[in-house]
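Q: I am sharing data-v2.pdb, which consists of PDB, C-alpha atoms:
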ATOM      1  CA  MET A   1      87.338  -3.330-161.211
ATOM      2  CA  GLY A   2      89.412  -6.424-160.625
ATOM      3  CA  PHE A   3      92.330  -7.569-162.696
ATOM      4  CA  LYS A   4      92.596 -10.897-164.414
ATOM      5  CA  LYS A   5      95.768 -12.789-163.660
ATOM      6  CA  LEU A   6      96.812 -15.484-166.134
ATOM      7  CA  LEU A   7      99.853 -17.691-166.334
ATOM      8  CA  THR A   8     100.772 -19.811-169.351
ATOM      9  CA  LYS A   9     103.243 -22.657-169.487
ATOM     10  CA  LYS A  10     104.261 -24.421-172.650
ATOM     11  CA  MET A  11     105.333 -28.010-173.060
ATOM     12  CA  GLU A  12     106.008 -30.039-176.175
ATOM     13  CA  PHE A  13     105.335 -33.669-176.912
ATOM     14  CA  SER A  14     105.599 -35.915-179.934
ATOM     15  CA  ALA A  15     102.976 -38.469-180.801
ATOM     16  CA  SER A  16     101.548 -40.369-183.710
ATOM     17  CA  HIS A  17      97.913 -40.850-184.537
ATOM     18  CA  ARG A  18      95.512 -42.056-187.182
ATOM     19  CA  TYR A  19      92.182 -40.500-188.050
ATOM     20  CA  TRP A  20      89.812 -43.411-188.395
ATOM     21  CA  ASN A  21      86.183 -43.937-187.461
ATOM     22  CA  PRO A  22      85.587 -47.706-187.182
ATOM     23  CA  GLY A  23      81.858 -47.158-187.758
ATOM     24  CA  TRP A  24      82.544 -45.886-191.292
ATOM     25  CA  SER A  25      83.573 -47.676-194.491
ATOM     26  CA  GLU A  26      87.159 -47.387-195.695
ATOM     27  CA  GLU A  27      85.992 -45.128-198.556
ATOM     28  CA  LYS A  28      84.245 -42.740-196.180
ATOM     29  CA  ASN A  29      87.234 -42.612-193.821
ATOM     30  CA  ILE A  30      89.556 -41.779-196.703
ATOM     31  CA  SER A  31      87.214 -39.204-198.195
ATOM     32  CA  VAL A  32      86.750 -37.388-194.862
ATOM     33  CA  PHE A  33      90.216 -37.759-193.358
ATOM     34  CA  GLY A  34      92.413 -37.973-196.482
ATOM     35  CA  LYS A  35      96.058 -38.736-195.773
ATOM     36  CA  SER A  36      95.376 -38.717-192.031
ATOM     37  CA  ALA A  37      93.609 -42.090-192.436
ATOM     38  CA  GLY A  38      96.845 -43.920-193.429
ATOM     39  CA  PRO A  39      96.875 -47.382-191.797
ATOM     40  CA  TYR A  40     100.087 -46.981-189.796
ATOM     41  CA  GLY A  41      99.529 -43.469-188.507
ATOM     42  CA  HIS A  42     101.780 -40.450-188.697
ATOM     43  CA  GLY A  43     103.199 -38.058-186.141
ATOM     44  CA  HIS A  44     103.438 -34.462-185.015
ATOM     45  CA  ASN A  45     105.417 -32.363-182.590
ATOM     46  CA  TYR A  46     102.606 -30.972-180.506
ATOM     47  CA  SER A  47     102.966 -27.934-178.345
ATOM     48  CA  LEU A  48     100.660 -27.556-175.375
ATOM     49  CA  GLU A  49     100.131 -24.103-173.891
ATOM     50  CA  LEU A  50      98.269 -24.356-170.630
ATOM     51  CA  THR A  51      96.845 -21.146-169.197
ATOM     52  CA  VAL A  52      95.654 -20.965-165.598
ATOM     53  CA  GLU A  53      93.959 -18.103-163.834
ATOM     54  CA  GLY A  54      93.953 -17.301-160.179
ATOM     55  CA  GLU A  55      95.018 -15.043-157.351
ATOM     56  CA  VAL A  56      98.620 -14.138-156.662
ATOM     57  CA  ASP A  57      99.765 -15.472-153.320
ATOM     58  CA  ALA A  58     101.042 -12.565-151.219
ATOM     59  CA  GLU A  59     104.006 -14.475-149.825
ATOM     60  CA  THR A  60     105.279 -16.300-152.912
ATOM     61  CA  GLY A  61     104.101 -13.800-155.513
ATOM     62  CA  MET A  62     102.804 -16.683-157.589
ATOM     63  CA  ILE A  63      99.475 -17.944-158.903
ATOM     64  CA  ILE A  64     100.954 -21.415-158.913
ATOM     65  CA  ASN A  65     104.446 -22.696-158.345
ATOM     66  CA  LEU A  66     105.861 -23.383-161.812
ATOM     67  CA  TYR A  67     107.608 -26.506-160.568
ATOM     68  CA  GLU A  68     104.242 -27.860-159.488
ATOM     69  CA  LEU A  69     102.614 -26.909-162.790
ATOM     70  CA  LYS A  70     105.479 -28.424-164.729
ATOM     71  CA  SER A  71     105.233 -31.707-162.883
ATOM     72  CA  VAL A  72     101.436 -31.830-163.357
ATOM     73  CA  MET A  73     101.839 -31.278-167.111
ATOM     74  CA  LYS A  74     104.675 -33.799-167.370
ATOM     75  CA  ASP A  75     102.584 -36.340-165.531
ATOM     76  CA  VAL A  76      99.617 -35.901-167.828
ATOM     77  CA  LEU A  77     101.745 -35.896-170.979
ATOM     78  CA  ARG A  78     103.388 -39.170-170.030
ATOM     79  CA  GLY A  79     100.420 -40.871-171.690
ATOM     80  CA  PHE A  80     100.943 -38.850-174.870
ATOM     81  CA  ASP A  81     104.653 -38.242-175.449
ATOM     82  CA  HIS A  82     106.268 -40.751-177.806
ATOM     83  CA  LYS A  83     103.052 -42.763-178.003
ATOM     84  CA  HIS A  84     100.728 -43.837-180.761
ATOM     85  CA  LEU A  85      97.573 -42.231-179.406
ATOM     86  CA  ASN A  86      95.080 -44.670-180.970
ATOM     87  CA  ASP A  87      96.960 -47.727-179.713
ATOM     88  CA  ASP A  88      98.732 -46.567-176.556
ATOM     89  CA  ASN A  89      96.347 -44.091-174.930
ATOM     90  CA  PRO A  90      93.043 -45.559-173.679
ATOM     91  CA  HIS A  91      91.231 -42.222-174.069
ATOM     92  CA  PHE A  92      91.385 -42.641-177.839
ATOM     93  CA  LYS A  93      90.220 -46.214-178.029
ATOM     94  CA  ASP A  94      86.837 -45.032-179.308
ATOM     95  CA  LEU A  95      87.624 -41.387-179.966
ATOM     96  CA  VAL A  96      89.308 -40.016-183.096
ATOM     97  CA  PRO A  97      92.531 -38.340-181.887
ATOM     98  CA  THR A  98      91.923 -35.044-183.695
ATOM     99  CA  THR A  99      93.547 -31.931-182.289
ATOM    100  CA  GLU A 100      90.093 -30.924-181.017
ATOM    101  CA  ASN A 101      89.626 -34.183-179.100
ATOM    102  CA  ILE A 102      93.195 -34.261-177.758
ATOM    103  CA  ALA A 103      92.731 -30.723-176.393
ATOM    104  CA  ARG A 104      89.491 -31.729-174.687
ATOM    105  CA  VAL A 105      91.020 -34.855-173.137
ATOM    106  CA  LEU A 106      94.019 -32.819-171.936
ATOM    107  CA  TRP A 107      91.680 -30.292-170.313
ATOM    108  CA  ASP A 108      89.889 -33.066-168.401
ATOM    109  CA  LEU A 109      93.127 -34.650-167.192
ATOM    110  CA  LEU A 110      94.745 -31.352-166.206
ATOM    111  CA  GLU A 111      91.611 -30.132-164.471
ATOM    112  CA  GLU A 112      91.489 -33.279-162.370
ATOM    113  CA  LYS A 113      95.111 -32.818-161.287
ATOM    114  CA  LEU A 114      94.676 -29.158-160.402
ATOM    115  CA  GLU A 115      91.373 -29.597-158.593
ATOM    116  CA  ASP A 116      93.033 -29.590-155.195
ATOM    117  CA  ASN A 117      94.788 -26.298-155.770
ATOM    118  CA  PRO A 118      92.484 -23.695-154.220
ATOM    119  CA  ARG A 119      94.129 -20.694-155.787
ATOM    120  CA  CYS A 120      94.155 -21.526-159.459
ATOM    121  CA  SER A 121      91.894 -22.961-162.091
ATOM    122  CA  LEU A 122      92.184 -23.862-165.734
ATOM    123  CA  TYR A 123      91.562 -21.013-168.136
ATOM    124  CA  ARG A 124      92.512 -22.367-171.544
ATOM    125  CA  VAL A 125      94.210 -25.270-173.254
ATOM    126  CA  ARG A 126      95.849 -24.220-176.511
ATOM    127  CA  LEU A 127      97.200 -27.134-178.495
ATOM    128  CA  TYR A 128      99.378 -26.623-181.560
ATOM    129  CA  GLU A 129      99.510 -29.598-183.893
ATOM    130  CA  THR A 130     101.833 -27.794-186.283
ATOM    131  CA  HIS A 131     103.087 -24.212-186.250
ATOM    132  CA  ASP A 132     100.172 -23.148-188.448
ATOM    133  CA  LEU A 133      97.323 -24.962-186.696
ATOM    134  CA  TYR A 134      96.062 -24.768-183.136
ATOM    135  CA  VAL A 135      92.926 -25.459-181.146
ATOM    136  CA  ASP A 136      91.676 -23.569-178.096
ATOM    137  CA  TYR A 137      89.568 -25.426-175.560
ATOM    138  CA  TRP A 138      87.981 -23.890-172.509
ATOM    139  CA  ARG A 139      85.018 -24.484-170.271
ATOM    140  CA  LYS A 140      83.371 -22.102-167.859
TER     141      LYS A 140
ATOM    142  CA  MET B   1      86.138 -24.340-178.534
ATOM    143  CA  SER B   2      87.904 -22.896-181.519
ATOM    144  CA  LEU B   3      90.412 -23.895-184.170
ATOM    145  CA  THR B   4      92.847 -21.508-185.844
ATOM    146  CA  LYS B   5      94.749 -22.165-189.028
ATOM    147  CA  THR B   6      97.413 -19.935-190.519
ATOM    148  CA  TYR B   7      97.835 -19.294-194.240
ATOM    149  CA  ARG B   8     100.417 -17.219-196.060
ATOM    150  CA  PHE B   9     100.550 -15.161-199.191
ATOM    151  CA  SER B  10     102.914 -12.583-200.644
ATOM    152  CA  ALA B  11     101.592  -9.525-202.413
ATOM    153  CA  GLY B  12     102.575  -6.077-203.586
ATOM    154  CA  HIS B  13     100.640  -2.886-203.084
ATOM    155  CA  ARG B  14     100.778   0.872-203.143
ATOM    156  CA  LEU B  15      98.649   3.161-200.982
ATOM    157  CA  TYR B  16      97.610   6.029-203.169
ATOM    158  CA  ILE B  17      94.657   8.368-203.723
ATOM    159  CA  LYS B  18      94.397   9.194-207.436
ATOM    160  CA  GLU B  19      92.865  12.622-206.878
ATOM    161  CA  LEU B  20      95.769  13.832-204.760
ATOM    162  CA  SER B  21      99.233  14.957-205.765
ATOM    163  CA  GLU B  22     102.328  12.847-205.213
ATOM    164  CA  GLU B  23     103.311  15.144-202.335
ATOM    165  CA  GLU B  24      99.937  14.831-200.615
ATOM    166  CA  ASN B  25      99.964  11.056-201.043
ATOM    167  CA  PHE B  26     103.421  10.880-199.569
ATOM    168  CA  ARG B  27     102.310  13.039-196.661
ATOM    169  CA  ILE B  28      99.408  10.685-195.867
ATOM    170  CA  PHE B  29     100.895   7.306-196.737
ATOM    171  CA  ASP B  30     104.590   7.984-196.363
ATOM    172  CA  THR B  31     106.784   5.253-197.877
ATOM    173  CA  CYS B  32     103.697   3.095-198.520
ATOM    174  CA  SER B  33     103.016   5.453-201.410
ATOM    175  CA  ASN B  34     106.245   4.606-203.233
ATOM    176  CA  PRO B  35     105.343   4.926-206.966
ATOM    177  CA  ASN B  36     106.471   1.446-207.930
ATOM    178  CA  GLY B  37     104.838  -0.276-204.982
ATOM    179  CA  HIS B  38     106.300  -2.632-202.396
ATOM    180  CA  GLY B  39     105.331  -5.983-200.927
ATOM    181  CA  HIS B  40     104.777  -8.036-197.809
ATOM    182  CA  ASP B  41     104.520 -11.635-196.683
ATOM    183  CA  TYR B  42     101.057 -11.713-195.206
ATOM    184  CA  TYR B  43      99.917 -14.276-192.664
ATOM    185  CA  VAL B  44      96.199 -14.874-192.244
ATOM    186  CA  HIS B  45      94.927 -16.579-189.110
ATOM    187  CA  VAL B  46      91.417 -17.922-189.639
ATOM    188  CA  LYS B  47      89.550 -18.870-186.453
ATOM    189  CA  VAL B  48      86.463 -21.092-186.557
ATOM    190  CA  ALA B  49      84.406 -22.195-183.579
ATOM    191  CA  GLY B  50      81.765 -24.774-182.847
ATOM    192  CA  ASP B  51      81.110 -28.107-181.219
ATOM    193  CA  ILE B  52      83.130 -31.203-182.011
ATOM    194  CA  ASP B  53      81.268 -33.432-184.456
ATOM    195  CA  PRO B  54      81.027 -36.743-182.559
ATOM    196  CA  GLU B  55      81.703 -38.885-185.639
ATOM    197  CA  SER B  56      84.639 -37.070-187.206
ATOM    198  CA  GLY B  57      86.050 -35.547-184.008
ATOM    199  CA  MET B  58      86.332 -32.209-185.791
ATOM    200  CA  ILE B  59      84.845 -28.722-185.574
ATOM    201  CA  LEU B  60      85.306 -28.379-189.306
ATOM    202  CA  ASN B  61      87.046 -30.589-191.825
ATOM    203  CA  LEU B  62      90.438 -29.010-192.490
ATOM    204  CA  GLN B  63      90.337 -30.007-196.141
ATOM    205  CA  GLU B  64      87.147 -27.951-196.539
ATOM    206  CA  LEU B  65      88.666 -25.030-194.663
ATOM    207  CA  ASP B  66      91.778 -25.158-196.876
ATOM    208  CA  GLU B  67      89.695 -25.281-200.054
ATOM    209  CA  THR B  68      87.667 -22.248-199.006
ATOM    210  CA  VAL B  69      90.564 -20.117-197.823
ATOM    211  CA  ASN B  70      92.911 -21.100-200.647
ATOM    212  CA  ILE B  71      90.469 -19.732-203.251
ATOM    213  CA  VAL B  72      90.999 -16.227-201.898
ATOM    214  CA  ILE B  73      94.702 -16.824-201.164
ATOM    215  CA  ASP B  74      95.182 -17.754-204.836
ATOM    216  CA  GLU B  75      93.524 -14.488-205.880
ATOM    217  CA  LEU B  76      95.969 -12.449-203.820
ATOM    218  CA  ASP B  77      99.196 -14.436-203.815
ATOM    219  CA  HIS B  78     101.993 -12.918-205.905
ATOM    220  CA  ARG B  79      99.709 -10.143-207.163
ATOM    221  CA  ARG B  80     100.018  -6.412-207.150
ATOM    222  CA  LEU B  81      96.785  -5.837-205.244
ATOM    223  CA  ASP B  82      95.823  -2.331-206.388
ATOM    224  CA  ILE B  83      96.409  -3.223-210.052
ATOM    225  CA  GLU B  84      95.528  -6.899-210.400
ATOM    226  CA  VAL B  85      92.690  -7.428-207.912
ATOM    227  CA  PRO B  86      89.516  -5.481-208.833
ATOM    228  CA  TYR B  87      88.390  -4.911-205.208
ATOM    229  CA  PHE B  88      91.583  -3.012-204.445
ATOM    230  CA  GLU B  89      91.361  -0.848-207.514
ATOM    231  CA  VAL B  90      88.590   0.980-205.656
ATOM    232  CA  ASN B  91      89.506   0.224-202.022
ATOM    233  CA  GLN B  92      92.931   0.994-200.571
ATOM    234  CA  PRO B  93      94.906  -2.248-200.177
ATOM    235  CA  THR B  94      95.552  -1.567-196.487
ATOM    236  CA  GLY B  95      95.708  -4.349-193.914
ATOM    237  CA  GLU B  96      92.265  -3.298-192.690
ATOM    238  CA  ASN B  97      90.723  -3.607-196.147
ATOM    239  CA  ILE B  98      92.519  -6.837-197.021
ATOM    240  CA  ALA B  99      91.254  -8.408-193.768
ATOM    241  CA  LYS B 100      87.695  -7.235-194.530
ATOM    242  CA  TYR B 101      87.890  -8.482-198.119
ATOM    243  CA  MET B 102      89.115 -11.933-197.063
ATOM    244  CA  TRP B 103      86.418 -12.167-194.404
ATOM    245  CA  GLU B 104      83.717 -11.361-196.934
ATOM    246  CA  ARG B 105      85.059 -13.889-199.457
ATOM    247  CA  ILE B 106      85.178 -16.827-197.023
ATOM    248  CA  LYS B 107      82.166 -15.998-194.842
ATOM    249  CA  PRO B 108      79.518 -17.453-197.240
ATOM    250  CA  ASP B 109      81.207 -20.894-197.104
ATOM    251  CA  LEU B 110      82.060 -20.929-193.402
ATOM    252  CA  GLY B 111      78.904 -19.282-192.037
ATOM    253  CA  ASP B 112      78.577 -18.862-188.276
ATOM    254  CA  LYS B 113      81.643 -21.027-187.669
ATOM    255  CA  LEU B 114      83.897 -18.191-188.793
ATOM    256  CA  ILE B 115      84.420 -15.976-185.752
ATOM    257  CA  HIS B 116      87.718 -14.158-186.207
ATOM    258  CA  LEU B 117      90.245 -13.252-188.876
ATOM    259  CA  LYS B 118      93.662 -11.827-188.171
ATOM    260  CA  LEU B 119      95.957 -10.510-190.876
ATOM    261  CA  SER B 120      99.623  -9.962-190.084
ATOM    262  CA  GLU B 121     101.316  -7.616-192.517
ATOM    263  CA  THR B 122     104.714  -7.602-190.818
ATOM    264  CA  SER B 123     105.958  -8.993-187.535
ATOM    265  CA  ASN B 124     105.057  -5.612-186.010
ATOM    266  CA  SER B 125     101.543  -5.025-187.354
ATOM    267  CA  TYR B 126      98.391  -7.050-187.529
ATOM    268  CA  PHE B 127      94.729  -6.380-188.131
ATOM    269  CA  GLU B 128      91.725  -8.179-186.687
ATOM    270  CA  TYR B 129      88.258  -8.435-188.173
ATOM    271  CA  TYR B 130      85.223  -9.977-186.506
ATOM    272  CA  GLU B 131      81.580  -9.356-185.660
ATOM    273  CA  GLU B 132      81.353  -8.087-182.103
ATOM    274  CA  ASP B 133      77.933  -9.667-181.579
ATOM    275  CA  ASN B 134      79.118 -13.048-182.825
ATOM    276  CA  TYR B 135      82.356 -13.212-180.844
ATOM    277  CA  PRO B 136      81.405 -14.602-177.456
ATOM    278  CA  TYR B 137      84.971 -15.372-176.445
ATOM    279  CA  GLU B 138      87.385 -13.105-174.681
ATOM    280  CA  ARG B 139      90.307 -15.032-176.123
TER     281      ARG B 139
END
Will you turn the file into structure tokens for me?

A:
Amino acid sequence: MGFKKLLTKKMEFSASHRYWNPGWSEEKNISVFGKSAGPYGHGHNYSLELTVEGEVDAETGMIINLYELKSVMKDVLRGFDHKHLNDDNPHFKDLVPTTENIARVLWDLLEEKLEDNPRCSLYRVRLYETHDLYVDYWRK
Amino acid sequence: MSLTKTYRFSAGHRLYIKELSEEENFRIFDTCSNPNGHGHDYYVHVKVAGDIDPESGMILNLQELDETVNIVIDELDHRRLDIEVPYFEVNQPTGENIAKYMWERIKPDLGDKLIHLKLSETSNSYFEYYEEDNYPYER
């Protein structure tokens, strides 16, 4: 039986967002999203925990070089950190920036960056919006 | 994909079998059988899963989740479980039974979306409750 090898790196970012579906009336937006529909947005300190799986390289002893992983994550988060997601990040032009959707977008962006690495693949994106709320996103 | 939200409540309890002597209770339950009870800060991690609703961007509206879970939190918070909550007058208020009770109270509202419930009693002990057949994730 083989062993599963996972590595998780955490990185924080701060962003503001507004939950708003332009196809809905103001009343419906407020009834579904509550305070999160406020016109000027509000912010969170998000914490991204990226887990990759792969084989341990015999020479380096690593699944992936952490410096490489760190720079990939930093690169991706540049579009998120200290931004207003609805206004500053094109992925959320027509997509409500819920924790669920942010996690999915992050998966897509991270997967694209790590595609060329033959030894490791994405296993899970865990995104904390606050200390008591997180979303897990994964795809086979 | 899944979403996990953490709730907290504080409650007192005593583990005790009425039919047994104090000595026997102490032998089984140790300090948890202290006659005047003791308490914990419990943390409950409720995990729901499903597809993202394309209009709201959510698996489940958090306001609805809060309403459902807070009904049972309010029943337990700042209570002496084995005296003030009928279920625990007949079932030991152990972490296992509290997790099961909470699951059964919130399951009717959350349906198949509810896939996992974890109850932390202290920073050293937690209990998990879920249906094996309805837990397709290894996470």

Q: Using all atoms listed in the file, which of the listed residues (B:Thr122, B:Asn34, B:Ser10, B:Asn61) sits closest to B:Val48?

A: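 When distances to B:Val48 are compared using all atoms listed in the file, the smallest one comes from B:Asn61.
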
Q: Residues of chain A that have any atom at most 12 Å from an atom of chain B: could you tabulate them with the shortest-distance atom pair and the distance in Å to one decimal, using all atoms listed in the file, ordered by chain and increasing number, as JSON lines?

A:
{"residue": "A:Lys4", "atom": "CA", "partner": "B:Glu138", "partner_atom": "CA", "distance": 11.7}
{"residue": "A:Leu6", "atom": "CA", "partner": "B:Arg139", "partner_atom": "CA", "distance": 11.9}
{"residue": "A:Arg18", "atom": "CA", "partner": "B:Gly57", "partner_atom": "CA", "distance": 11.9}
{"residue": "A:Tyr19", "atom": "CA", "partner": "B:Ser56", "partner_atom": "CA", "distance": 8.3}
{"residue": "A:Trp20", "atom": "CA", "partner": "B:Ser56", "partner_atom": "CA", "distance": 8.3}
{"residue": "A:Asn21", "atom": "CA", "partner": "B:Glu55", "partner_atom": "CA", "distance": 7.0}
{"residue": "A:Pro22", "atom": "CA", "partner": "B:Glu55", "partner_atom": "CA", "distance": 9.8}
{"residue": "A:Gly23", "atom": "CA", "partner": "B:Glu55", "partner_atom": "CA", "distance": 8.5}
{"residue": "A:Trp24", "atom": "CA", "partner": "B:Glu55", "partner_atom": "CA", "distance": 9.0}
{"residue": "A:Lys28", "atom": "CA", "partner": "B:Ser56", "partner_atom": "CA", "distance": 10.6}
{"residue": "A:Asn29", "atom": "CA", "partner": "B:Ser56", "partner_atom": "CA", "distance": 9.0}
{"residue": "A:Ile30", "atom": "CA", "partner": "B:Ser56", "partner_atom": "CA", "distance": 11.7}
{"residue": "A:Ser31", "atom": "CA", "partner": "B:Gln63", "partner_atom": "CA", "distance": 9.9}
{"residue": "A:Val32", "atom": "CA", "partner": "B:Asn61", "partner_atom": "CA", "distance": 7.5}
{"residue": "A:Phe33", "atom": "CA", "partner": "B:Asn61", "partner_atom": "CA", "distance": 8.0}
{"residue": "A:Gly34", "atom": "CA", "partner": "B:Gln63", "partner_atom": "CA", "distance": 8.2}
{"residue": "A:Lys35", "atom": "CA", "partner": "B:Gln63", "partner_atom": "CA", "distance": 10.4}
{"residue": "A:Ser36", "atom": "CA", "partner": "B:Gln63", "partner_atom": "CA", "distance": 10.9}
{"residue": "A:Ala37", "atom": "CA", "partner": "B:Ser56", "partner_atom": "CA", "distance": 11.5}
{"residue": "A:Thr51", "atom": "CA", "partner": "B:Arg139", "partner_atom": "CA", "distance": 11.3}
{"residue": "A:Phe92", "atom": "CA", "partner": "B:Gly57", "partner_atom": "CA", "distance": 10.8}
{"residue": "A:Asp94", "atom": "CA", "partner": "B:Glu55", "partner_atom": "CA", "distance": 10.2}
{"residue": "A:Leu95", "atom": "CA", "partner": "B:Gly57", "partner_atom": "CA", "distance": 7.3}
{"residue": "A:Val96", "atom": "CA", "partner": "B:Gly57", "partner_atom": "CA", "distance": 5.6}
{"residue": "A:Pro97", "atom": "CA", "partner": "B:Gly57", "partner_atom": "CA", "distance": 7.4}
{"residue": "A:Thr98", "atom": "CA", "partner": "B:Gly57", "partner_atom": "CA", "distance": 5.9}
{"residue": "A:Thr99", "atom": "CA", "partner": "B:Met58", "partner_atom": "CA", "distance": 8.0}
{"residue": "A:Glu100", "atom": "CA", "partner": "B:Met58", "partner_atom": "CA", "distance": 6.2}
{"residue": "A:Asn101", "atom": "CA", "partner": "B:Gly57", "partner_atom": "CA", "distance": 6.2}
{"residue": "A:Ile102", "atom": "CA", "partner": "B:Gly57", "partner_atom": "CA", "distance": 9.6}
{"residue": "A:Ala103", "atom": "CA", "partner": "B:Met1", "partner_atom": "CA", "distance": 9.4}
{"residue": "A:Arg104", "atom": "CA", "partner": "B:Met1", "partner_atom": "CA", "distance": 9.0}
{"residue": "A:Val105", "atom": "CA", "partner": "B:Gly57", "partner_atom": "CA", "distance": 12.0}
{"residue": "A:Trp107", "atom": "CA", "partner": "B:Met1", "partner_atom": "CA", "distance": 11.6}
{"residue": "A:Tyr123", "atom": "CA", "partner": "B:Arg139", "partner_atom": "CA", "distance": 10.1}
{"residue": "A:Arg124", "atom": "CA", "partner": "B:Arg139", "partner_atom": "CA", "distance": 8.9}
{"residue": "A:Val125", "atom": "CA", "partner": "B:Met1", "partner_atom": "CA", "distance": 9.7}
{"residue": "A:Arg126", "atom": "CA", "partner": "B:Leu3", "partner_atom": "CA", "distance": 9.4}
{"residue": "A:Leu127", "atom": "CA", "partner": "B:Leu3", "partner_atom": "CA", "distance": 9.4}
{"residue": "A:Tyr128", "atom": "CA", "partner": "B:Thr4", "partner_atom": "CA", "distance": 9.3}
{"residue": "A:Glu129", "atom": "CA", "partner": "B:Lys5", "partner_atom": "CA", "distance": 10.2}
{"residue": "A:Thr130", "atom": "CA", "partner": "B:Lys5", "partner_atom": "CA", "distance": 9.5}
{"residue": "A:His131", "atom": "CA", "partner": "B:Thr6", "partner_atom": "CA", "distance": 8.3}
{"residue": "A:Asp132", "atom": "CA", "partner": "B:Thr6", "partner_atom": "CA", "distance": 4.7}
{"residue": "A:Leu133", "atom": "CA", "partner": "B:Lys5", "partner_atom": "CA", "distance": 4.5}
{"residue": "A:Tyr134", "atom": "CA", "partner": "B:Thr4", "partner_atom": "CA", "distance": 5.3}
{"residue": "A:Val135", "atom": "CA", "partner": "B:Leu3", "partner_atom": "CA", "distance": 4.2}
{"residue": "A:Asp136", "atom": "CA", "partner": "B:Ser2", "partner_atom": "CA", "distance": 5.1}
{"residue": "A:Tyr137", "atom": "CA", "partner": "B:Met1", "partner_atom": "CA", "distance": 4.7}
{"residue": "A:Trp138", "atom": "CA", "partner": "B:Met1", "partner_atom": "CA", "distance": 6.3}
{"residue": "A:Arg139", "atom": "CA", "partner": "B:Met1", "partner_atom": "CA", "distance": 8.3}
{"residue": "A:Lys140", "atom": "CA", "partner": "B:Tyr137", "partner_atom": "CA", "distance": 11.0}

Q: For A:Arg78, which residue among A:Gly61, A:Phe3, A:Thr8, A:Leu106 is the nearest when counting all atoms listed in the file?

A: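 Comparing A:Gly61, A:Phe3, A:Thr8, A:Leu106 against A:Arg78, the winner is A:Leu106.
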
Q: Could you tell me which of B:Val72, B:Ile17, B:Met102, B:Ala11 comes closest to B:Phe127 if we count only C-alpha atoms?

A: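 Distance minimum relative to B:Phe127 lands on B:Met102.
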
Q: Check the smallest atom-to-atom distance from each of A:Asn65, A:Thr60, A:Ser16, A:Asn117 to A:Leu85 using only C-alpha atoms, then report the winner.

A: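 Closest to A:Leu85, using only C-alpha atoms: A:Ser16.
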
Q: Would you mind writing stretch 24-35 of chain A with N, CA and C atoms, as a PDB file, in the frame of the given file?

A:
ATOM      1  N   TRP A  24      82.668 -46.291-189.884  1.00  0.00           N
ATOM      2  CA  TRP A  24      82.544 -45.886-191.292  1.00  0.00           C
ATOM      3  C   TRP A  24      83.255 -46.876-192.207  1.00  0.00           C
ATOM      4  N   SER A  25      82.873 -46.873-193.487  1.00  0.00           N
ATOM      5  CA  SER A  25      83.573 -47.676-194.491  1.00  0.00           C
ATOM      6  C   SER A  25      84.961 -47.069-194.731  1.00  0.00           C
ATOM      7  N   GLU A  26      85.823 -47.871-195.363  1.00  0.00           N
ATOM      8  CA  GLU A  26      87.159 -47.387-195.695  1.00  0.00           C
ATOM      9  C   GLU A  26      87.073 -46.165-196.614  1.00  0.00           C
ATOM     10  N   GLU A  27      86.142 -46.236-197.596  1.00  0.00           N
ATOM     11  CA  GLU A  27      85.992 -45.128-198.556  1.00  0.00           C
ATOM     12  C   GLU A  27      85.639 -43.840-197.821  1.00  0.00           C
ATOM     13  N   LYS A  28      84.684 -43.962-196.883  1.00  0.00           N
ATOM     14  CA  LYS A  28      84.245 -42.740-196.180  1.00  0.00           C
ATOM     15  C   LYS A  28      85.389 -42.184-195.320  1.00  0.00           C
ATOM     16  N   ASN A  29      86.106 -43.082-194.634  1.00  0.00           N
ATOM     17  CA  ASN A  29      87.234 -42.612-193.821  1.00  0.00           C
ATOM     18  C   ASN A  29      88.249 -41.854-194.677  1.00  0.00           C
ATOM     19  N   ILE A  30      88.545 -42.413-195.853  1.00  0.00           N
ATOM     20  CA  ILE A  30      89.556 -41.779-196.703  1.00  0.00           C
ATOM     21  C   ILE A  30      89.027 -40.467-197.278  1.00  0.00           C
ATOM     22  N   SER A  31      87.725 -40.447-197.610  1.00  0.00           N
ATOM     23  CA  SER A  31      87.214 -39.204-198.195  1.00  0.00           C
ATOM     24  C   SER A  31      87.132 -38.087-197.152  1.00  0.00           C
ATOM     25  N   VAL A  32      86.844 -38.430-195.899  1.00  0.00           N
ATOM     26  CA  VAL A  32      86.750 -37.388-194.862  1.00  0.00           C
ATOM     27  C   VAL A  32      88.137 -37.023-194.324  1.00  0.00           C
ATOM     28  N   PHE A  33      88.966 -38.015-194.074  1.00  0.00           N
ATOM     29  CA  PHE A  33      90.216 -37.759-193.358  1.00  0.00           C
ATOM     30  C   PHE A  33      91.442 -37.661-194.275  1.00  0.00           C
ATOM     31  N   GLY A  34      91.298 -38.087-195.540  1.00  0.00           N
ATOM     32  CA  GLY A  34      92.413 -37.973-196.482  1.00  0.00           C
ATOM     33  C   GLY A  34      93.639 -38.734-196.009  1.00  0.00           C
ATOM     34  N   LYS A  35      94.787 -38.083-196.122  1.00  0.00           N
ATOM     35  CA  LYS A  35      96.058 -38.736-195.773  1.00  0.00           C
ATOM     36  C   LYS A  35      96.120 -39.131-194.299  1.00  0.00           C
TER      37      LYS A  35
END
